[in-house]
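A.B. asks: Structure in structure tokens, see below.
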Amino acid sequence: MRIGVLDLVTSGPAHGLYSKLMNANLASIMPQVIGAWCEEAGHEVRFVCYTGYEDLSKELPADTDLLFISSFTEAAQLSYAISAMYRRRGTITALGGPHARCYPEDSAKYFDYVFGFTDKPLVLSMLEDCEQHRPMGIHLNAGKQPRQLPSVRERWKFIQVTLAKAPTIKIVPMLASLGCPYTCSFCIDSTVDYQPFEPEQVRDDLRFLMANMKRPRIGWHDPNFGVRFDETLGAIEEAIPPGSADFIAESSLSLLNEDRLPRLKKNGFAAMLPGIESWFSLGNKAKTGKHYGMEKVKQVSEHVNAVMRYIPYVQTNFVLGLDTDEGDAPFECTKAFIDMTPGAFPGYSLLSAFGRAAPLNLELQRAGRVLPFPYHFLNNNLAMNVKPKNYSWETFYDHVIDLTNYSFSGRAIWNRFKATRGTIPKWMNVVRAMSSEGWGRLQYYKTVRGLLDSDTSVRRYFNSETDTLPAFYEDRVKHDLGPFWPMLPDGALRHDPNAYLNAERERVTRGTEATVELQRSAPAS
């Protein structure tokens with residue numbers, strides 16, 4: 001078959017300098033894996049990674065029998081429009097990636113196949129079937145993550161065409177493990193068993209990169225890198241001489257002990273992204289125990305400053321709007337952290353409930369706190385689809401605006417520049433702060449805050465008094481989708497925010513009915 005594989009890195013045209021530099025480096029691994037499995041099965045594969053700077057209508061493969069799309073939720077509406085266009089041509093379409101896993105009920109309306117956890121036998125079985133399933137597609141789920149993935153060598157042709165789109169910094173995506181040992185209730189990996197890959201596979205992948213790139217930059221996509229620290233670093237040390245490659249990884253502070261930091265520095269770790277999340281919970285991730293509030297701020301600041309003595313670029317990740325947050329304290333604590341840790345770049349996410357992604361989402365849906373914002377805005381920043389427990393919307397956005405302004409003020413940018421070592425890290429922080437991530441989000445938050453005061457339709461939508469989407473949001477989707485807007489199927493701008501809860505209730509009901517029927521049919525004793 002002629003098979004297209006489309007990796008949607010973004011939800012529409014991109015314009016910022018930071019996205020121009022980095023979007024190609026945000027490519028996912030699983031689309032490359034799908035391409036390798038399909039080629040191994042004897043099919044012809046055309047691979048496209050959409051970064052927001054291509055003419056997608058020209059990039060998309062024509063004359064395709066089967067189209068795989070990998071999408072985050074923010075690109076779901078774009079994926080639905082592309083699928084509709086291809087299905088009208090008779091092409092069979094399949095959706096994978098985070099959105100398919102989080103919203104399988106909705107995705108099945110627009111695709112013939114929807115993938116949850118995906119392994120090679122599941123893909124080969126689907127290729128054997130490969131038929132139209134309409135009006136409702138089939139949900140396929142392997143039940144757990146694959147034990148093995150194709151090597152970097154097997155994915156190399158797909159990696160190369162993606163790296164060619166990165167103008168200067170080129171980062172190869174790799175994995176040393178899947179899943180996470182932590183159980184943060186809001187996280188998509190909280191219920192996924194931690195599973196390391198064999199050290200031999202990691203070594204072979206790294207040796208291949210050393211043979212094919214002058215000085216590779218490698219981004220580890222592990223949800224929590226270095227859980228088996230000695231084993232993973234040992235594989236790196238066997239494959240790559242010190243100073244011959246650069247690494248980026250996301251890890252918890254609890255794994256970044258000071259006795260490990262010299263080893264990370266020696267082996268080229270140039271950037272780390274530890275998750276702090278909250279000042280009032282999750283002390284196990286930050287290794288702060290029962291210390292909360294300002295006590296945790298001081299302890300974490302000291303730890304992050306220690307990390308930055310060895311690793312030049314550190315992004316600290318926070319979730320805003322958690323139920324443990326109340327009043328001014330969470331935001332004032334973060335400001336204090338910024339002052340005490342000037343070199344760290346703060347990454348903020350608004351609490352979001354992505355369908356089936358996390359156990360917390362069932363509780364939020366039961367409480368009626370999940371809003372039906374279009375998927376296009378569910379990127380942790382453009383919309384918070386969970387009504388805050390301890391804030392009004394107006395108060396919450398006032399706090400977010402104040403914190404964002406504080407974090408990316410001229411003073412904070414200058415302090416971060418002075419406190420950061422290395423030319424690339426220094427200027428990367430400046431570009432991020434002045435582009436869509438910093439100043440751009442600040443302006444957007446101010447716009448939303450203004451609409452809460454001036455636009456009744458926005459205020460009523462946020463307060464669940466209506467499910468009619470305000471014109472501000474519909475117009476933005478229409479603008480961003482551009483030529484794909486007319487292809488968006490009817491009803492695809494809306495979804496049931498409680499689909500997960502309703503599916504669970506239906507499952508329990510079916511189970512109860514089956515039990516009753518079994519009892520009725522059982523012979524009397």
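For the structure tokens, the naming scheme is as follows: chains receive sequential letters (A, B, ...) according to their order of presentation, residues are indexed from 1 within each chain, and ligands are indexed from 1 in presentation order.
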Go through range 300-430 of chain A and collect every residue that DSSP, computed from the backbone, puts in alpha helix (DSSP H); the answer should be as a ChimeraX atom specification.

C.D. replies: /A:300-308,329-340,359-366,393-407,410-419,423-430

A.B. asks: What's the 8 Å shell around Tyr50 in chain A, counting only C-alpha atoms, without same-chain residues fewer than 6 positions away, as a PyMOL selection string?

C.D. replies: chain A and resi 6-10+56

A.B. asks: Given the selection you just returned, output its residues as a file containing C-alpha atoms, formatted as a PDB file, in the first residue's frame.

C.D. replies:
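Output (selection.pdb):
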```pdb
ATOM      1  CA  LEU A   6       1.847  12.844   9.188  1.00  0.00           C
ATOM      2  CA  ASP A   7       3.331  14.171  12.447  1.00  0.00           C
ATOM      3  CA  LEU A   8       1.462  17.333  13.482  1.00  0.00           C
ATOM      4  CA  VAL A   9       3.891  19.260  15.687  1.00  0.00           C
ATOM      5  CA  THR A  10       1.630  22.321  15.733  1.00  0.00           C
ATOM      6  CA  LEU A  56       0.591  21.804   4.330  1.00  0.00           C
TER       7      LEU A  56
END
```

A.B. asks: Would you pick out the contacts of Leu140 in chain A at 9 Å or less, using only C-alpha atoms, so that residues sharing its chain but fewer than 6 positions from it are not included, and give the list as a PyMOL selection string?

C.D. replies: chain A and resi 113-118+122+126

A.B. asks: Using only C-alpha atoms, pick whichever of A:Val227, A:Gln443, A:Arg460, A:Pro497 has the shortest atom-to-atom distance to Leu364 in chain A.

C.D. replies: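 Distance minimum relative to Leu364 in chain A lands on A:Pro497.
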
A.B. asks: At a cut-off of 12 Å, can you tabulate as CSV every residue of range 121-196 of chain A near range 238-254 of chain A together with its closest atom pair and the distance in Å to one decimal, using only C-alpha atoms and ordering rows by chain then number?

C.D. replies:
```
residue,atom,partner,partner_atom,distance
A:Ile169,CA,A:Asp246,CA,11.2
A:Lys170,CA,A:Asp246,CA,10.8
A:Ile171,CA,A:Ile248,CA,8.9
A:Val172,CA,A:Phe247,CA,9.6
A:Pro173,CA,A:Ile248,CA,9.7
A:Met174,CA,A:Ala249,CA,10.0
A:Leu175,CA,A:Ala249,CA,10.0
A:Ala176,CA,A:Ala249,CA,10.6
A:Ser177,CA,A:Ala249,CA,11.9
A:Cys180,CA,A:Ser251,CA,10.2
A:Pro181,CA,A:Ser252,CA,10.8
A:Tyr182,CA,A:Ser252,CA,9.5
A:Cys184,CA,A:Ser252,CA,11.9
```

A.B. asks: Point out the residue among A:Ala76, A:Phe47, A:Glu295, A:His15 with the least atom-to-atom distance to Leu488 in chain A, counting only C-alpha atoms.

C.D. replies: A:Ala76

A.B. asks: Kindly assemble as a Markdown table a list of the range 239-310 of chain A residues that lie within 12 Å of range 422-438 of chain A, each paired with its nearest atom pair and their distance in Å to one decimal, using only C-alpha atoms, sorted first by chain and then by ascending residue number.

C.D. replies:
```
| residue | atom | partner | partner_atom | distance |
| --- | --- | --- | --- | --- |
| A:Ala270 | CA | A:Pro425 | CA | 8.7 |
| A:Ala271 | CA | A:Pro425 | CA | 8.6 |
| A:Met272 | CA | A:Pro425 | CA | 11.6 |
| A:Met308 | CA | A:Pro425 | CA | 11.4 |
| A:Arg309 | CA | A:Gly422 | CA | 11.8 |
| A:Tyr310 | CA | A:Gly422 | CA | 11.7 |
```

A.B. asks: Within range 182-395 of chain A, find each residue whose DSSP state, derived from the backbone, is strand (DSSP E), and express the selection as a VMD selection string.

C.D. replies: chain A and resid 195 to 196 217 to 220 246 to 249 269 to 272 275 to 277 313 to 320 345 to 350

A.B. asks: To one decimal in Å, tell me the separation between CA of Asp467 in chain A and CA of Ile69 in chain A.

C.D. replies: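 Between these atoms lies a distance of 28.9 Å.
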
A.B. asks: For range 372-389 of chain A, work out the shell of residues within 8 Å, counting only C-alpha atoms and skipping chain neighbours fewer than 2 positions away, then give it as a JSON list (two decimals) with all heavy atoms, in the first residue's frame.

C.D. replies:
```json
[["chain", "number", "residue", "atom", "x", "y", "z"],
["A", 11, "SER", "N", -0.60, 23.21, 15.57],
["A", 11, "SER", "CA", -2.01, 23.19, 15.16],
["A", 11, "SER", "C", -2.32, 24.11, 14.01],
["A", 11, "SER", "O", -3.47, 24.22, 13.58],
["A", 11, "SER", "CB", -2.89, 23.59, 16.36],
["A", 11, "SER", "OG", -2.52, 24.87, 16.84],
["A", 73, "THR", "N", -3.54, 17.08, 21.34],
["A", 73, "THR", "CA", -4.92, 17.55, 21.35],
["A", 73, "THR", "C", -5.07, 18.92, 20.71],
["A", 73, "THR", "O", -6.06, 19.19, 20.03],
["A", 73, "THR", "CB", -5.46, 17.54, 22.79],
["A", 73, "THR", "OG1", -5.58, 16.18, 23.23],
["A", 73, "THR", "CG2", -6.81, 18.20, 22.89],
["A", 74, "GLU", "N", -4.08, 19.79, 20.87],
["A", 74, "GLU", "CA", -4.21, 21.13, 20.29],
["A", 74, "GLU", "C", -4.31, 21.10, 18.76],
["A", 74, "GLU", "O", -4.84, 22.04, 18.16],
["A", 74, "GLU", "CB", -3.03, 21.99, 20.70],
["A", 74, "GLU", "CG", -1.69, 21.52, 20.14],
["A", 74, "GLU", "CD", -0.54, 22.44, 20.54],
["A", 74, "GLU", "OE1", -0.44, 23.53, 19.96],
["A", 74, "GLU", "OE2", 0.22, 22.05, 21.43],
["A", 75, "ALA", "N", -3.84, 20.03, 18.13],
["A", 75, "ALA", "CA", -3.92, 19.91, 16.67],
["A", 75, "ALA", "C", -5.05, 19.00, 16.23],
["A", 75, "ALA", "O", -5.12, 18.62, 15.06],
["A", 75, "ALA", "CB", -2.59, 19.40, 16.11],
["A", 76, "ALA", "N", -5.95, 18.64, 17.14],
["A", 76, "ALA", "CA", -7.01, 17.68, 16.81],
["A", 76, "ALA", "C", -7.93, 18.20, 15.72],
["A", 76, "ALA", "O", -8.28, 17.46, 14.79],
["A", 76, "ALA", "CB", -7.82, 17.35, 18.06],
["A", 77, "GLN", "N", -8.34, 19.47, 15.81],
["A", 77, "GLN", "CA", -9.25, 19.99, 14.79],
["A", 77, "GLN", "C", -8.59, 19.99, 13.41],
["A", 77, "GLN", "O", -9.24, 19.67, 12.41],
["A", 77, "GLN", "CB", -9.72, 21.39, 15.17],
["A", 77, "GLN", "CG", -11.13, 21.45, 15.76],
["A", 77, "GLN", "CD", -11.15, 21.42, 17.28],
["A", 77, "GLN", "OE1", -10.27, 22.01, 17.90],
["A", 77, "GLN", "NE2", -12.13, 20.78, 17.85],
["A", 321, "GLY", "N", -3.14, 26.54, 39.06],
["A", 321, "GLY", "CA", -4.56, 26.26, 39.21],
["A", 321, "GLY", "C", -4.89, 24.94, 39.87],
["A", 321, "GLY", "O", -6.04, 24.51, 39.85],
["A", 322, "LEU", "N", -3.89, 24.28, 40.45],
["A", 322, "LEU", "CA", -4.15, 23.02, 41.14],
["A", 322, "LEU", "C", -5.06, 23.26, 42.35],
["A", 322, "LEU", "O", -5.09, 24.36, 42.91],
["A", 322, "LEU", "CB", -2.85, 22.38, 41.60],
["A", 322, "LEU", "CG", -1.94, 21.83, 40.49],
["A", 322, "LEU", "CD1", -0.56, 21.51, 41.06],
["A", 322, "LEU", "CD2", -2.55, 20.60, 39.85],
["A", 323, "ASP", "N", -5.79, 22.24, 42.75],
["A", 323, "ASP", "CA", -6.73, 22.39, 43.86],
["A", 323, "ASP", "C", -6.03, 22.71, 45.18],
["A", 323, "ASP", "O", -6.66, 23.20, 46.12],
["A", 323, "ASP", "CB", -7.58, 21.12, 44.02],
["A", 323, "ASP", "CG", -8.64, 21.01, 42.93],
["A", 323, "ASP", "OD1", -8.71, 21.91, 42.07],
["A", 323, "ASP", "OD2", -9.40, 20.02, 42.94],
["A", 348, "TYR", "N", 5.25, 27.53, 32.56],
["A", 348, "TYR", "CA", 3.96, 27.48, 33.23],
["A", 348, "TYR", "C", 2.93, 26.75, 32.38],
["A", 348, "TYR", "O", 2.83, 26.98, 31.17],
["A", 348, "TYR", "CB", 3.45, 28.90, 33.51],
["A", 348, "TYR", "CG", 4.37, 29.73, 34.36],
["A", 348, "TYR", "CD1", 4.82, 30.98, 33.93],
["A", 348, "TYR", "CD2", 4.81, 29.26, 35.59],
["A", 348, "TYR", "CE1", 5.67, 31.74, 34.70],
["A", 348, "TYR", "CE2", 5.66, 30.03, 36.39],
["A", 348, "TYR", "CZ", 6.08, 31.26, 35.94],
["A", 348, "TYR", "OH", 6.94, 32.01, 36.72],
["A", 349, "SER", "N", 2.16, 25.89, 33.02],
["A", 349, "SER", "CA", 1.03, 25.22, 32.38],
["A", 349, "SER", "C", -0.22, 25.48, 33.21],
["A", 349, "SER", "O", -0.19, 25.37, 34.44],
["A", 349, "SER", "CB", 1.27, 23.71, 32.28],
["A", 349, "SER", "OG", 2.34, 23.41, 31.43],
["A", 350, "LEU", "N", -1.31, 25.83, 32.55],
["A", 350, "LEU", "CA", -2.59, 25.95, 33.23],
["A", 350, "LEU", "C", -3.18, 24.55, 33.37],
["A", 350, "LEU", "O", -3.14, 23.75, 32.43],
["A", 350, "LEU", "CB", -3.55, 26.84, 32.43],
["A", 350, "LEU", "CG", -3.05, 28.23, 32.06],
["A", 350, "LEU", "CD1", -4.16, 29.02, 31.36],
["A", 350, "LEU", "CD2", -2.54, 28.99, 33.27],
["A", 351, "LEU", "N", -3.71, 24.25, 34.55],
["A", 351, "LEU", "CA", -4.28, 22.93, 34.79],
["A", 351, "LEU", "C", -5.31, 22.59, 33.70],
["A", 351, "LEU", "O", -6.23, 23.35, 33.44],
["A", 351, "LEU", "CB", -4.96, 22.90, 36.16],
["A", 351, "LEU", "CG", -5.69, 21.60, 36.52],
["A", 351, "LEU", "CD1", -4.71, 20.44, 36.62],
["A", 351, "LEU", "CD2", -6.45, 21.76, 37.83],
["A", 352, "SER", "N", -5.12, 21.45, 33.05],
["A", 352, "SER", "CA", -6.01, 21.03, 31.97],
["A", 352, "SER", "C", -6.36, 19.56, 32.14],
["A", 352, "SER", "O", -5.53, 18.76, 32.59],
["A", 352, "SER", "CB", -5.35, 21.24, 30.60],
["A", 352, "SER", "OG", -5.00, 22.60, 30.42],
["A", 353, "ALA", "N", -7.60, 19.22, 31.81],
["A", 353, "ALA", "CA", -8.07, 17.84, 31.88],
["A", 353, "ALA", "C", -8.21, 17.32, 30.46],
["A", 353, "ALA", "O", -9.15, 17.69, 29.75],
["A", 353, "ALA", "CB", -9.40, 17.75, 32.63],
["A", 354, "PHE", "N", -7.28, 16.46, 30.04],
["A", 354, "PHE", "CA", -7.28, 15.92, 28.68],
["A", 354, "PHE", "C", -8.01, 14.57, 28.67],
["A", 354, "PHE", "O", -7.38, 13.51, 28.74],
["A", 354, "PHE", "CB", -5.86, 15.76, 28.16],
["A", 354, "PHE", "CG", -5.14, 17.06, 27.92],
["A", 354, "PHE", "CD1", -4.34, 17.62, 28.91],
["A", 354, "PHE", "CD2", -5.27, 17.73, 26.72],
["A", 354, "PHE", "CE1", -3.68, 18.82, 28.70],
["A", 354, "PHE", "CE2", -4.62, 18.94, 26.50],
["A", 354, "PHE", "CZ", -3.82, 19.49, 27.49],
["A", 364, "LEU", "N", -12.83, 15.39, 38.25],
["A", 364, "LEU", "CA", -13.20, 16.71, 37.76],
["A", 364, "LEU", "C", -14.48, 16.66, 36.95],
["A", 364, "LEU", "O", -15.32, 17.56, 37.03],
["A", 364, "LEU", "CB", -12.05, 17.29, 36.92],
["A", 364, "LEU", "CG", -10.75, 17.57, 37.68],
["A", 364, "LEU", "CD1", -9.64, 17.92, 36.70],
["A", 364, "LEU", "CD2", -10.94, 18.70, 38.69],
["A", 369, "ARG", "N", -16.69, 20.19, 36.56],
["A", 369, "ARG", "CA", -15.72, 21.29, 36.47],
["A", 369, "ARG", "C", -14.98, 21.37, 35.14],
["A", 369, "ARG", "O", -14.13, 22.25, 34.96],
["A", 369, "ARG", "CB", -14.70, 21.17, 37.61],
["A", 369, "ARG", "CG", -15.29, 21.41, 38.99],
["A", 369, "ARG", "CD", -14.27, 21.15, 40.09],
["A", 369, "ARG", "NE", -13.08, 21.97, 39.92],
["A", 369, "ARG", "CZ", -11.95, 21.78, 40.60],
["A", 369, "ARG", "NH1", -11.87, 20.78, 41.48],
["A", 369, "ARG", "NH2", -10.91, 22.57, 40.40],
["A", 370, "VAL", "N", -15.26, 20.47, 34.19],
["A", 370, "VAL", "CA", -14.53, 20.46, 32.92],
["A", 370, "VAL", "C", -15.35, 21.19, 31.86],
["A", 370, "VAL", "O", -16.52, 20.85, 31.62],
["A", 370, "VAL", "CB", -14.22, 19.03, 32.46],
["A", 370, "VAL", "CG1", -13.42, 19.06, 31.16],
["A", 370, "VAL", "CG2", -13.44, 18.29, 33.54],
["A", 391, "TYR", "N", -10.57, 29.87, 43.16],
["A", 391, "TYR", "CA", -10.49, 31.20, 42.58],
["A", 391, "TYR", "C", -11.68, 31.43, 41.66],
["A", 391, "TYR", "O", -12.18, 30.49, 41.03],
["A", 391, "TYR", "CB", -9.21, 31.37, 41.74],
["A", 391, "TYR", "CG", -7.92, 31.14, 42.47],
["A", 391, "TYR", "CD1", -7.31, 29.89, 42.50],
["A", 391, "TYR", "CD2", -7.28, 32.19, 43.14],
["A", 391, "TYR", "CE1", -6.11, 29.67, 43.16],
["A", 391, "TYR", "CE2", -6.08, 31.98, 43.80],
["A", 391, "TYR", "CZ", -5.50, 30.73, 43.82],
["A", 391, "TYR", "OH", -4.32, 30.52, 44.48],
["A", 392, "SER", "N", -12.10, 32.68, 41.54],
["A", 392, "SER", "CA", -12.97, 33.05, 40.43],
["A", 392, "SER", "C", -12.10, 33.14, 39.19],
["A", 392, "SER", "O", -10.87, 33.26, 39.28],
["A", 392, "SER", "CB", -13.64, 34.41, 40.69],
["A", 392, "SER", "OG", -12.67, 35.45, 40.65],
["A", 393, "TRP", "N", -12.72, 33.07, 38.02],
["A", 393, "TRP", "CA", -11.92, 33.17, 36.79],
["A", 393, "TRP", "C", -11.17, 34.50, 36.73],
["A", 393, "TRP", "O", -10.01, 34.56, 36.33],
["A", 393, "TRP", "CB", -12.82, 33.02, 35.56],
["A", 393, "TRP", "CG", -13.20, 31.61, 35.26],
["A", 393, "TRP", "CD1", -14.43, 31.04, 35.35],
["A", 393, "TRP", "CD2", -12.31, 30.56, 34.80],
["A", 393, "TRP", "NE1", -14.38, 29.72, 34.98],
["A", 393, "TRP", "CE2", -13.10, 29.40, 34.63],
["A", 393, "TRP", "CE3", -10.94, 30.50, 34.53],
["A", 393, "TRP", "CZ2", -12.55, 28.19, 34.21],
["A", 393, "TRP", "CZ3", -10.40, 29.30, 34.10],
["A", 393, "TRP", "CH2", -11.20, 28.16, 33.94],
["A", 396, "PHE", "N", -8.24, 34.45, 39.12],
["A", 396, "PHE", "CA", -7.20, 33.54, 38.66],
["A", 396, "PHE", "C", -6.38, 34.18, 37.53],
["A", 396, "PHE", "O", -5.15, 34.16, 37.56],
["A", 396, "PHE", "CB", -7.82, 32.22, 38.19],
["A", 396, "PHE", "CG", -6.81, 31.24, 37.65],
["A", 396, "PHE", "CD1", -5.97, 30.55, 38.51],
["A", 396, "PHE", "CD2", -6.69, 31.02, 36.29],
["A", 396, "PHE", "CE1", -5.02, 29.66, 38.03],
["A", 396, "PHE", "CE2", -5.75, 30.13, 35.79],
["A", 396, "PHE", "CZ", -4.92, 29.45, 36.66],
["A", 441, "ARG", "N", 2.18, 35.17, 25.36],
["A", 441, "ARG", "CA", 1.17, 34.63, 26.28],
["A", 441, "ARG", "C", 0.64, 35.70, 27.21],
["A", 441, "ARG", "O", -0.54, 35.72, 27.55],
["A", 441, "ARG", "CB", 1.77, 33.47, 27.08],
["A", 441, "ARG", "CG", 1.89, 32.21, 26.27],
["A", 441, "ARG", "CD", 2.50, 31.08, 27.08],
["A", 441, "ARG", "NE", 2.82, 29.96, 26.21],
["A", 441, "ARG", "CZ", 3.57, 28.94, 26.56],
["A", 441, "ARG", "NH1", 4.09, 28.90, 27.78],
["A", 441, "ARG", "NH2", 3.82, 27.96, 25.71],
["A", 444, "TYR", "N", -1.97, 37.54, 25.37],
["A", 444, "TYR", "CA", -3.16, 36.70, 25.20],
["A", 444, "TYR", "C", -3.97, 36.63, 26.50],
["A", 444, "TYR", "O", -5.19, 36.75, 26.50],
["A", 444, "TYR", "CB", -2.75, 35.31, 24.74],
["A", 444, "TYR", "CG", -3.91, 34.37, 24.55],
["A", 444, "TYR", "CD1", -4.66, 34.38, 23.38],
["A", 444, "TYR", "CD2", -4.28, 33.48, 25.56],
["A", 444, "TYR", "CE1", -5.74, 33.53, 23.20],
["A", 444, "TYR", "CE2", -5.36, 32.62, 25.39],
["A", 444, "TYR", "CZ", -6.08, 32.65, 24.22],
["A", 444, "TYR", "OH", -7.15, 31.82, 24.05],
["A", 462, "PHE", "N", -17.36, 30.54, 30.43],
["A", 462, "PHE", "CA", -16.41, 30.16, 31.47],
["A", 462, "PHE", "C", -17.12, 29.67, 32.73],
["A", 462, "PHE", "O", -16.62, 28.78, 33.42],
["A", 462, "PHE", "CB", -15.51, 31.36, 31.83],
["A", 462, "PHE", "CG", -14.27, 31.48, 30.99],
["A", 462, "PHE", "CD1", -14.35, 31.81, 29.65],
["A", 462, "PHE", "CD2", -13.02, 31.28, 31.54],
["A", 462, "PHE", "CE1", -13.21, 31.94, 28.87],
["A", 462, "PHE", "CE2", -11.87, 31.41, 30.77],
["A", 462, "PHE", "CZ", -11.96, 31.73, 29.44],
["A", 463, "ASN", "N", -18.28, 30.24, 33.01],
["A", 463, "ASN", "CA", -19.02, 29.87, 34.22],
["A", 463, "ASN", "C", -20.04, 28.76, 33.99],
["A", 463, "ASN", "O", -20.91, 28.51, 34.84],
["A", 463, "ASN", "CB", -19.71, 31.11, 34.79],
["A", 463, "ASN", "CG", -18.72, 32.11, 35.38],
["A", 463, "ASN", "OD1", -17.73, 31.72, 36.00],
["A", 463, "ASN", "ND2", -18.97, 33.40, 35.17],
["A", 467, "ASP", "N", -23.19, 26.51, 26.72],
["A", 467, "ASP", "CA", -22.15, 25.77, 26.01],
["A", 467, "ASP", "C", -21.96, 26.30, 24.60],
["A", 467, "ASP", "O", -21.31, 25.68, 23.76],
["A", 467, "ASP", "CB", -22.46, 24.27, 25.99],
["A", 467, "ASP", "CG", -23.76, 23.95, 25.27],
["A", 467, "ASP", "OD1", -24.45, 24.90, 24.81],
["A", 467, "ASP", "OD2", -24.10, 22.76, 25.17],
["A", 469, "LEU", "N", -20.17, 28.36, 22.02],
["A", 469, "LEU", "CA", -18.80, 28.84, 21.94],
["A", 469, "LEU", "C", -18.78, 30.33, 21.57],
["A", 469, "LEU", "O", -19.37, 30.73, 20.56],
["A", 469, "LEU", "CB", -18.03, 28.03, 20.89],
["A", 469, "LEU", "CG", -16.54, 28.35, 20.77],
["A", 469, "LEU", "CD1", -15.80, 27.92, 22.03],
["A", 469, "LEU", "CD2", -15.94, 27.64, 19.54],
["A", 477, "VAL", "N", -10.01, 29.74, 15.71],
["A", 477, "VAL", "CA", -9.84, 28.44, 15.05],
["A", 477, "VAL", "C", -9.92, 28.62, 13.54],
["A", 477, "VAL", "O", -9.11, 28.06, 12.78],
["A", 477, "VAL", "CB", -10.91, 27.44, 15.53],
["A", 477, "VAL", "CG1", -10.72, 26.10, 14.82],
["A", 477, "VAL", "CG2", -10.82, 27.24, 17.04],
["A", 493, "LEU", "N", -16.14, 21.03, 15.96],
["A", 493, "LEU", "CA", -15.63, 22.07, 16.84],
["A", 493, "LEU", "C", -16.10, 21.84, 18.28],
["A", 493, "LEU", "O", -15.63, 22.50, 19.20],
["A", 493, "LEU", "CB", -16.10, 23.45, 16.36],
["A", 493, "LEU", "CG", -15.25, 24.67, 16.75],
["A", 493, "LEU", "CD1", -13.83, 24.53, 16.27],
["A", 493, "LEU", "CD2", -15.87, 25.95, 16.19],
["A", 494, "ARG", "N", -17.02, 20.89, 18.45],
["A", 494, "ARG", "CA", -17.56, 20.62, 19.78],
["A", 494, "ARG", "C", -17.22, 19.18, 20.18],
["A", 494, "ARG", "O", -17.01, 18.32, 19.33],
["A", 494, "ARG", "CB", -19.09, 20.77, 19.78],
["A", 494, "ARG", "CG", -19.57, 22.16, 19.40],
["A", 494, "ARG", "CD", -21.09, 22.15, 19.18],
["A", 494, "ARG", "NE", -21.80, 21.72, 20.37],
["A", 494, "ARG", "CZ", -22.21, 22.54, 21.33],
["A", 494, "ARG", "NH1", -21.98, 23.84, 21.23],
["A", 494, "ARG", "NH2", -22.86, 22.08, 22.38],
["A", 495, "HIS", "N", -17.18, 18.95, 21.47],
["A", 495, "HIS", "CA", -17.00, 17.59, 21.97],
["A", 495, "HIS", "C", -17.63, 17.50, 23.36],
["A", 495, "HIS", "O", -17.90, 18.51, 24.00],
["A", 495, "HIS", "CB", -15.51, 17.21, 22.03],
["A", 495, "HIS", "CG", -14.74, 17.93, 23.09],
["A", 495, "HIS", "ND1", -14.23, 19.19, 22.91],
["A", 495, "HIS", "CD2", -14.40, 17.59, 24.36],
["A", 495, "HIS", "CE1", -13.60, 19.59, 23.99],
["A", 495, "HIS", "NE2", -13.70, 18.64, 24.91],
["A", 496, "ASP", "N", -17.88, 16.28, 23.78],
["A", 496, "ASP", "CA", -18.44, 16.04, 25.11],
["A", 496, "ASP", "C", -17.29, 16.06, 26.12],
["A", 496, "ASP", "O", -16.46, 15.14, 26.12],
["A", 496, "ASP", "CB", -19.16, 14.69, 25.13],
["A", 496, "ASP", "CG", -19.72, 14.35, 26.51],
["A", 496, "ASP", "OD1", -19.64, 15.20, 27.41],
["A", 496, "ASP", "OD2", -20.23, 13.22, 26.68],
["A", 497, "PRO", "N", -17.22, 17.06, 27.00],
["A", 497, "PRO", "CA", -16.11, 17.11, 27.95],
["A", 497, "PRO", "C", -16.18, 16.03, 29.01],
["A", 497, "PRO", "O", -15.20, 15.81, 29.75],
["A", 497, "PRO", "CB", -16.25, 18.51, 28.57],
["A", 497, "PRO", "CG", -17.71, 18.82, 28.46],
["A", 497, "PRO", "CD", -18.16, 18.19, 27.18]]
```

A.B. asks: One decimal, Å: what's the distance from CA of Asp205 in chain A over to CA of Ser151 in chain A, could you say?

C.D. replies: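 It comes out at 6.2 Å.
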
A.B. asks: Compile the contact shell of Glu504 in chain A as number ranges by chain: residues with an atom at most 12 Å away, counting only C-alpha atoms, same-chain residues fewer than 3 positions apart removed.

C.D. replies: A: 105, 356, 361-363, 365-366, 498-501, 507-511

A.B. asks: With only C-alpha atoms as the counted atoms, please give the residues lying no more than 10 Å from Pro121 in chain A, apart from itself and same-chain residues fewer than 4 positions off, as a ChimeraX atom specification.

C.D. replies: /A:37,125-127,142,146

A.B. asks: Create the file for the chosen residues now, containing N, CA, C and O atoms and written as a tab-separated table (two decimals), in the first residue's frame.

C.D. replies:
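As written to disk, part18.tsv reads:
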```tsv
chain	number	residue	atom	x	y	z
A	37	TRP	N	7.76	0.48	10.89
A	37	TRP	CA	7.00	-0.77	10.91
A	37	TRP	C	6.28	-1.02	9.58
A	37	TRP	O	6.25	-2.15	9.08
A	125	SER	N	-1.72	-6.00	12.49
A	125	SER	CA	-3.10	-6.49	12.41
A	125	SER	C	-4.00	-5.49	11.71
A	125	SER	O	-4.84	-5.85	10.89
A	126	MET	N	-3.81	-4.22	12.03
A	126	MET	CA	-4.61	-3.18	11.38
A	126	MET	C	-4.31	-3.10	9.88
A	126	MET	O	-5.21	-2.92	9.05
A	127	LEU	N	-3.02	-3.26	9.52
A	127	LEU	CA	-2.66	-3.22	8.10
A	127	LEU	C	-3.30	-4.38	7.33
A	127	LEU	O	-3.63	-4.26	6.15
A	142	ALA	N	-3.33	-1.71	22.51
A	142	ALA	CA	-2.48	-2.85	22.87
A	142	ALA	C	-2.49	-3.11	24.37
A	142	ALA	O	-1.97	-4.14	24.81
A	146	PRO	N	4.82	-0.58	24.07
A	146	PRO	CA	5.62	-1.65	23.45
A	146	PRO	C	6.90	-1.93	24.23
A	146	PRO	O	7.45	-1.05	24.88
```
